[in-house]
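So the structure is just underneath, and the comments pick up after that.
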Number of protein chains: 2
Amino acid sequence: MSQLLRVQNFNVSSDGFGAGENQSLERPFGHANPGDMFAWCGATASWPMRTEPGGSRGLDDYLTRDYERNIGAEIMGRNKFGPQRGPWLDHSWLGWWGDEPPFRTPVFVLTHHERPSFTLSDTTFHFVDADPAAVLERARDAAQGKDVRLGGGATTIRQFVDAGLVDTMHVAVSPVKLGSGSRLWESPDELRDQFHLDVVPSPSGVTHHLFWRR
Amino acid sequence: MSQLLRVQNFNVSSDGFGAGENQSLERPFGHANPGDMFAWCGATASWPMRTEPGGSRGLDDYLTRDYERNIGAEIMGRNKFGPQRGPWLDHSWLGWWGDEPPFRTPVFVLTHHERPSFTLSDTTFHFVDADPAAVLERARDAAQGKDVRLGGGATTIRQFVDAGLVDTMHVAVSPVKLGSGSRLWESPDELRDQFHLDVVPSPSGVTHHLFWRR
């Protein structure tokens, strides 16, 4: 296992949803409030989107600073990239992240609809229509010996987990209920056949779930 | 705080001792059994002394892999370097670690007894007789912008903590009692005035204590 496929800092509600329903330009997480689910990340010193000094350096910081360690490529689902569905009407949408996306590696976006690659700052987005194993092979090549991060959303992660391709996974479970949306699991216990699992409550209120392949 | 002073993976007993009494060549930790106290490290995939593949990738692995992240120098007490006391009788002792010490940076050994620097593989040992602030300044220069690790033992760590020089500290408390030895604290609570503290029980049986400066 020289190049791991890793899920990092993926957030789900206590009832197992990674995002709510009705994603839109204004609400990337649908009816879920990202502030509720991601507050623990933003409070840490190492959060990649942090713009000011300071921040906590306890347990949660170990998790956020692992986000970019030894990562050479990312794979994400189309709904993480944007709110559009179906064929691209034009190519003006460049992701949610402005001129400096936090990935700083090649990113492979899963979509059935072709689109040319483009580069923003240190991040290049490629659009691929292929099964998980084939996409992972492309991402591993691009990662040049480093690991590959599986960025989400929940449907994409579950697809790779069910194909047996994920090596390690960090999921932070927030103490909020969503009721409906994009589901990662009914319960983390359903993955214990495939993974070892450490369940680690954080003083911030989230419970970190750390999986690694059996 | 661009160059932190960090304690990483320091192990103490449940009654606060980092090592037992009567350190000797055969028993670097005195009457303490290092196997009891360090088993949690050795089980992880990222333990720097690991020679075979495998190992766990849960909570404990986050801690062990942080050991060398962004570290440019180490400071250690003389008793961590060796069992000798008083003036050096000769210079044949090169540390406990064989031909490839795991530090891979300059290391500053605190001692009142001068000795020439020497290099083993990627590690250079310097011997310094100075107060904590002055040693830290030398180590920061040597670290070339990276952080400095404070390696122990307990007396050395406590000296730097009491001088207000430590920025972050990870101490793993093992469920074993030593009764006597080199003491880090009566209780971790005595450091709460100076540090924030996350107390994180691990499934392996140790309890990680994560401190960061207030």
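Quick note on naming: the chains in the structure tokens go A, B, ... in the order shown, residues restart at 1 in each chain, and ligands are numbered from 1 in order of appearance.
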
Neighbours of chain B in chain A at 7 Å, counting only C-alpha atoms, as a ChimeraX atom specification: /A:57-59,62,198,203,210-212

Using only C-alpha atoms, which protein or nucleic acid residues come within 12 Å of A:Val166? Drop anything in the same chain fewer than 3 positions from it, and give the result as a short mmCIF file (atom, residue, chain, number, x, y, z; two decimals) with C-alpha atoms, in the first residue's frame.
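Contents of around-v2.cif, as written:
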data_model
loop_
_atom_site.label_atom_id
_atom_site.label_comp_id
_atom_site.auth_asym_id
_atom_site.auth_seq_id
_atom_site.Cartn_x
_atom_site.Cartn_y
_atom_site.Cartn_z
CA MET A 1 0.00 0.00 0.00
CA GLN A 3 -0.23 5.10 -2.36
CA LEU A 4 -3.24 5.23 -0.07
CA LEU A 5 -6.72 6.42 -0.99
CA ARG A 6 -7.73 8.60 1.96
CA VAL A 7 -10.92 10.36 3.02
CA GLN A 8 -9.98 13.40 5.13
CA ILE A 75 -11.04 12.74 -6.57
CA PRO A 132 -14.01 4.19 -9.52
CA ALA A 133 -11.09 1.83 -10.11
CA LEU A 136 -8.27 5.96 -9.00
CA ASP A 147 -1.53 9.49 -1.66
CA VAL A 148 -4.89 10.35 -3.22
CA ARG A 149 -7.61 12.13 -1.27
CA LEU A 150 -11.22 11.16 -1.87
CA GLY A 151 -13.00 14.47 -1.32
CA THR A 156 -18.96 9.32 -4.16
CA ILE A 157 -17.29 8.12 -0.96
CA ARG A 158 -19.76 5.32 -0.56
CA GLN A 159 -19.22 4.24 -4.17
CA PHE A 160 -15.45 3.91 -3.59
CA VAL A 161 -15.92 2.24 -0.18
CA ASP A 162 -18.31 -0.30 -1.65
CA ALA A 163 -15.78 -1.01 -4.42
CA MET A 169 -11.16 7.41 6.24
CA HIS A 170 -11.68 10.22 8.71
CA LEU A 191 -18.33 -0.56 7.75
CA GLN A 194 -14.12 -3.76 5.98
CA PHE A 195 -12.32 -1.42 8.39
CA PHE A 211 -11.23 3.93 9.77
CA TRP A 212 -8.40 1.91 8.30
CA ARG A 213 -8.55 -1.13 6.07
CA ARG A 214 -8.59 -4.58 7.69
#

Every residue of stretch 129-169 of chain A that DSSP places in strand (DSSP E), as a PyMOL selection string: chain A and resi 147-150+168-169

Selected residues written out, all heavy atoms, as a PDB file, in the first residue's frame:
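So the final result, stored in out15.pdb, reads:
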ATOM      1  N   ASP A 147      -0.196  10.042  -1.845  1.00  0.00           N
ATOM      2  CA  ASP A 147      -1.526   9.487  -1.655  1.00  0.00           C
ATOM      3  C   ASP A 147      -2.566  10.277  -2.458  1.00  0.00           C
ATOM      4  O   ASP A 147      -2.299  11.374  -2.942  1.00  0.00           O
ATOM      5  CB  ASP A 147      -1.918   9.532  -0.175  1.00  0.00           C
ATOM      6  CG  ASP A 147      -1.051   8.625   0.690  1.00  0.00           C
ATOM      7  OD1 ASP A 147      -0.390   7.718   0.148  1.00  0.00           O
ATOM      8  OD2 ASP A 147      -1.041   8.830   1.924  1.00  0.00           O
ATOM      9  N   VAL A 148      -3.762   9.695  -2.561  1.00  0.00           N
ATOM     10  CA  VAL A 148      -4.889  10.352  -3.220  1.00  0.00           C
ATOM     11  C   VAL A 148      -5.969  10.599  -2.177  1.00  0.00           C
ATOM     12  O   VAL A 148      -6.285   9.715  -1.381  1.00  0.00           O
ATOM     13  CB  VAL A 148      -5.444   9.463  -4.357  1.00  0.00           C
ATOM     14  CG1 VAL A 148      -6.689  10.089  -4.975  1.00  0.00           C
ATOM     15  CG2 VAL A 148      -4.367   9.221  -5.415  1.00  0.00           C
ATOM     16  N   ARG A 149      -6.502  11.822  -2.187  1.00  0.00           N
ATOM     17  CA  ARG A 149      -7.606  12.128  -1.271  1.00  0.00           C
ATOM     18  C   ARG A 149      -8.929  11.954  -2.011  1.00  0.00           C
ATOM     19  O   ARG A 149      -9.077  12.400  -3.151  1.00  0.00           O
ATOM     20  CB  ARG A 149      -7.492  13.579  -0.773  1.00  0.00           C
ATOM     21  CG  ARG A 149      -8.557  13.952   0.261  1.00  0.00           C
ATOM     22  CD  ARG A 149      -8.281  15.338   0.839  1.00  0.00           C
ATOM     23  NE  ARG A 149      -8.017  16.288  -0.212  1.00  0.00           N
ATOM     24  CZ  ARG A 149      -6.975  17.124  -0.228  1.00  0.00           C
ATOM     25  NH1 ARG A 149      -6.116  17.167   0.759  1.00  0.00           N
ATOM     26  NH2 ARG A 149      -6.808  17.939  -1.257  1.00  0.00           N
ATOM     27  N   LEU A 150      -9.867  11.307  -1.335  1.00  0.00           N
ATOM     28  CA  LEU A 150     -11.222  11.162  -1.870  1.00  0.00           C
ATOM     29  C   LEU A 150     -12.064  12.229  -1.174  1.00  0.00           C
ATOM     30  O   LEU A 150     -12.311  12.160   0.030  1.00  0.00           O
ATOM     31  CB  LEU A 150     -11.736   9.760  -1.578  1.00  0.00           C
ATOM     32  CG  LEU A 150     -13.120   9.396  -2.092  1.00  0.00           C
ATOM     33  CD1 LEU A 150     -13.222   9.569  -3.604  1.00  0.00           C
ATOM     34  CD2 LEU A 150     -13.476   7.969  -1.695  1.00  0.00           C
ATOM     35  N   THR A 168      -7.961   4.558   4.126  1.00  0.00           N
ATOM     36  CA  THR A 168      -8.216   5.183   5.424  1.00  0.00           C
ATOM     37  C   THR A 168      -9.305   6.231   5.251  1.00  0.00           C
ATOM     38  O   THR A 168      -9.487   6.798   4.161  1.00  0.00           O
ATOM     39  CB  THR A 168      -6.966   5.882   6.019  1.00  0.00           C
ATOM     40  OG1 THR A 168      -6.643   7.033   5.240  1.00  0.00           O
ATOM     41  CG2 THR A 168      -5.777   4.941   6.095  1.00  0.00           C
ATOM     42  N   MET A 169     -10.030   6.488   6.333  1.00  0.00           N
ATOM     43  CA  MET A 169     -11.157   7.414   6.239  1.00  0.00           C
ATOM     44  C   MET A 169     -11.349   8.107   7.574  1.00  0.00           C
ATOM     45  O   MET A 169     -11.454   7.460   8.610  1.00  0.00           O
ATOM     46  CB  MET A 169     -12.410   6.626   5.854  1.00  0.00           C
ATOM     47  CG  MET A 169     -13.641   7.471   5.675  1.00  0.00           C
ATOM     48  SD  MET A 169     -14.910   6.660   4.650  1.00  0.00           S
ATOM     49  CE  MET A 169     -15.212   5.186   5.611  1.00  0.00           C
TER      50      MET A 169
END

Name the residues in contact with B:Asp90 at a cut-off of 12 Å, using only C-alpha atoms, excluding same-chain residues fewer than 2 positions from it; report them as a PyMOL selection string. chain B and resi 84+86-88+92-94+113-116

Just N, CA and C atoms for this one: save the residues we selected as a PDB file, in the first residue's frame.
ATOM      1  N   GLN B  84      25.442   8.097  31.569  1.00  0.00           N
ATOM      2  CA  GLN B  84      26.591   8.631  32.297  1.00  0.00           C
ATOM      3  C   GLN B  84      26.193   9.854  33.134  1.00  0.00           C
ATOM      4  N   GLY B  86      28.191  13.248  35.404  1.00  0.00           N
ATOM      5  CA  GLY B  86      29.463  13.928  35.640  1.00  0.00           C
ATOM      6  C   GLY B  86      30.289  14.069  34.367  1.00  0.00           C
ATOM      7  N   PRO B  87      31.580  14.399  34.515  1.00  0.00           N
ATOM      8  CA  PRO B  87      32.434  14.614  33.336  1.00  0.00           C
ATOM      9  C   PRO B  87      32.502  13.367  32.463  1.00  0.00           C
ATOM     10  N   TRP B  88      32.645  13.580  31.155  1.00  0.00           N
ATOM     11  CA  TRP B  88      32.785  12.461  30.222  1.00  0.00           C
ATOM     12  C   TRP B  88      34.125  11.788  30.457  1.00  0.00           C
ATOM     13  N   SER B  92      33.345   7.701  23.717  1.00  0.00           N
ATOM     14  CA  SER B  92      32.925   6.535  22.940  1.00  0.00           C
ATOM     15  C   SER B  92      31.396   6.361  22.909  1.00  0.00           C
ATOM     16  N   TRP B  93      30.694   6.911  23.905  1.00  0.00           N
ATOM     17  CA  TRP B  93      29.229   6.781  23.918  1.00  0.00           C
ATOM     18  C   TRP B  93      28.617   7.719  22.886  1.00  0.00           C
ATOM     19  N   LEU B  94      27.801   7.141  21.968  1.00  0.00           N
ATOM     20  CA  LEU B  94      27.220   7.938  20.883  1.00  0.00           C
ATOM     21  C   LEU B  94      25.697   7.938  20.943  1.00  0.00           C
ATOM     22  N   HIS B 113      28.925  19.507  31.062  1.00  0.00           N
ATOM     23  CA  HIS B 113      30.256  18.974  30.757  1.00  0.00           C
ATOM     24  C   HIS B 113      30.503  18.992  29.258  1.00  0.00           C
ATOM     25  N   GLU B 114      31.481  19.779  28.856  1.00  0.00           N
ATOM     26  CA  GLU B 114      31.729  20.000  27.424  1.00  0.00           C
ATOM     27  C   GLU B 114      32.130  18.729  26.692  1.00  0.00           C
ATOM     28  N   ARG B 115      31.803  18.729  25.433  1.00  0.00           N
ATOM     29  CA  ARG B 115      32.168  17.599  24.588  1.00  0.00           C
ATOM     30  C   ARG B 115      32.052  18.057  23.135  1.00  0.00           C
ATOM     31  N   PRO B 116      32.922  17.558  22.232  1.00  0.00           N
ATOM     32  CA  PRO B 116      32.814  17.999  20.837  1.00  0.00           C
ATOM     33  C   PRO B 116      31.542  17.457  20.169  1.00  0.00           C
TER      34      PRO B 116
END

Quick one: residues within 8 Å of stretch 26-42 of chain B, only C-alpha atoms, excluding same-chain residues fewer than 3 positions away - as a CSV table (one decimal) with C-alpha atoms, in the first residue's frame?
chain,number,residue,atom,x,y,z
B,11,ASN,CA,5.2,9.1,27.7
B,12,VAL,CA,4.4,9.2,31.5
B,13,SER,CA,3.0,6.8,33.9
B,19,ALA,CA,11.1,7.2,33.7
B,20,GLY,CA,11.8,5.1,36.7
B,21,GLU,CA,14.8,5.2,39.1
B,22,ASN,CA,18.3,3.8,38.6
B,23,GLN,CA,18.8,4.4,34.9
B,47,TRP,CA,6.2,4.9,14.2
B,49,MET,CA,11.4,3.1,14.4
B,50,ARG,CA,9.1,0.8,12.5
B,60,ASP,CA,-2.6,6.8,17.8
B,61,ASP,CA,-1.1,6.9,14.3
B,64,THR,CA,3.1,9.2,16.1
B,82,GLY,CA,23.0,8.4,27.9
B,83,PRO,CA,23.3,6.9,31.4
B,174,SER,CA,-0.1,5.1,30.3
B,176,VAL,CA,0.8,1.9,34.7
B,178,LEU,CA,5.8,3.8,38.7
B,204,SER,CA,-5.1,1.5,22.9
B,205,GLY,CA,-5.4,2.3,26.7
B,206,VAL,CA,-3.2,5.4,26.9

Residues flagged alpha helix (DSSP H) by DSSP in stretch 11-177 of chain A, as a PyMOL selection string: chain A and resi 34-42+59-65+78-81+132-143+154-162

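Note that the spacing between atom CA of A:Pro48 and atom CA of A:Val128 amounts to 26.0 Å.
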
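Atom CA of B:Ala139 sits 17.3 Å away from atom CA of B:His112.
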
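Among B:Pro102, B:Arg183, B:His91, B:Ala143, the residue with the shortest atom-to-atom distance to B:Phe118, counting only C-alpha atoms, is B:His91.
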
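Candidate residues B:Ser180, B:Thr44, B:Thr111, B:Gln144 were compared for distance to B:His126, and the nearest is B:Thr111, using only C-alpha atoms.
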
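In this structure, atom CA of B:Phe127 sits 10.7 Å away from atom CA of B:Pro106.
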
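Candidate residues A:Ala142, A:Val109, A:Val173, A:Leu89 were compared for distance to A:Gly72, and the nearest is A:Ala142, using only C-alpha atoms.
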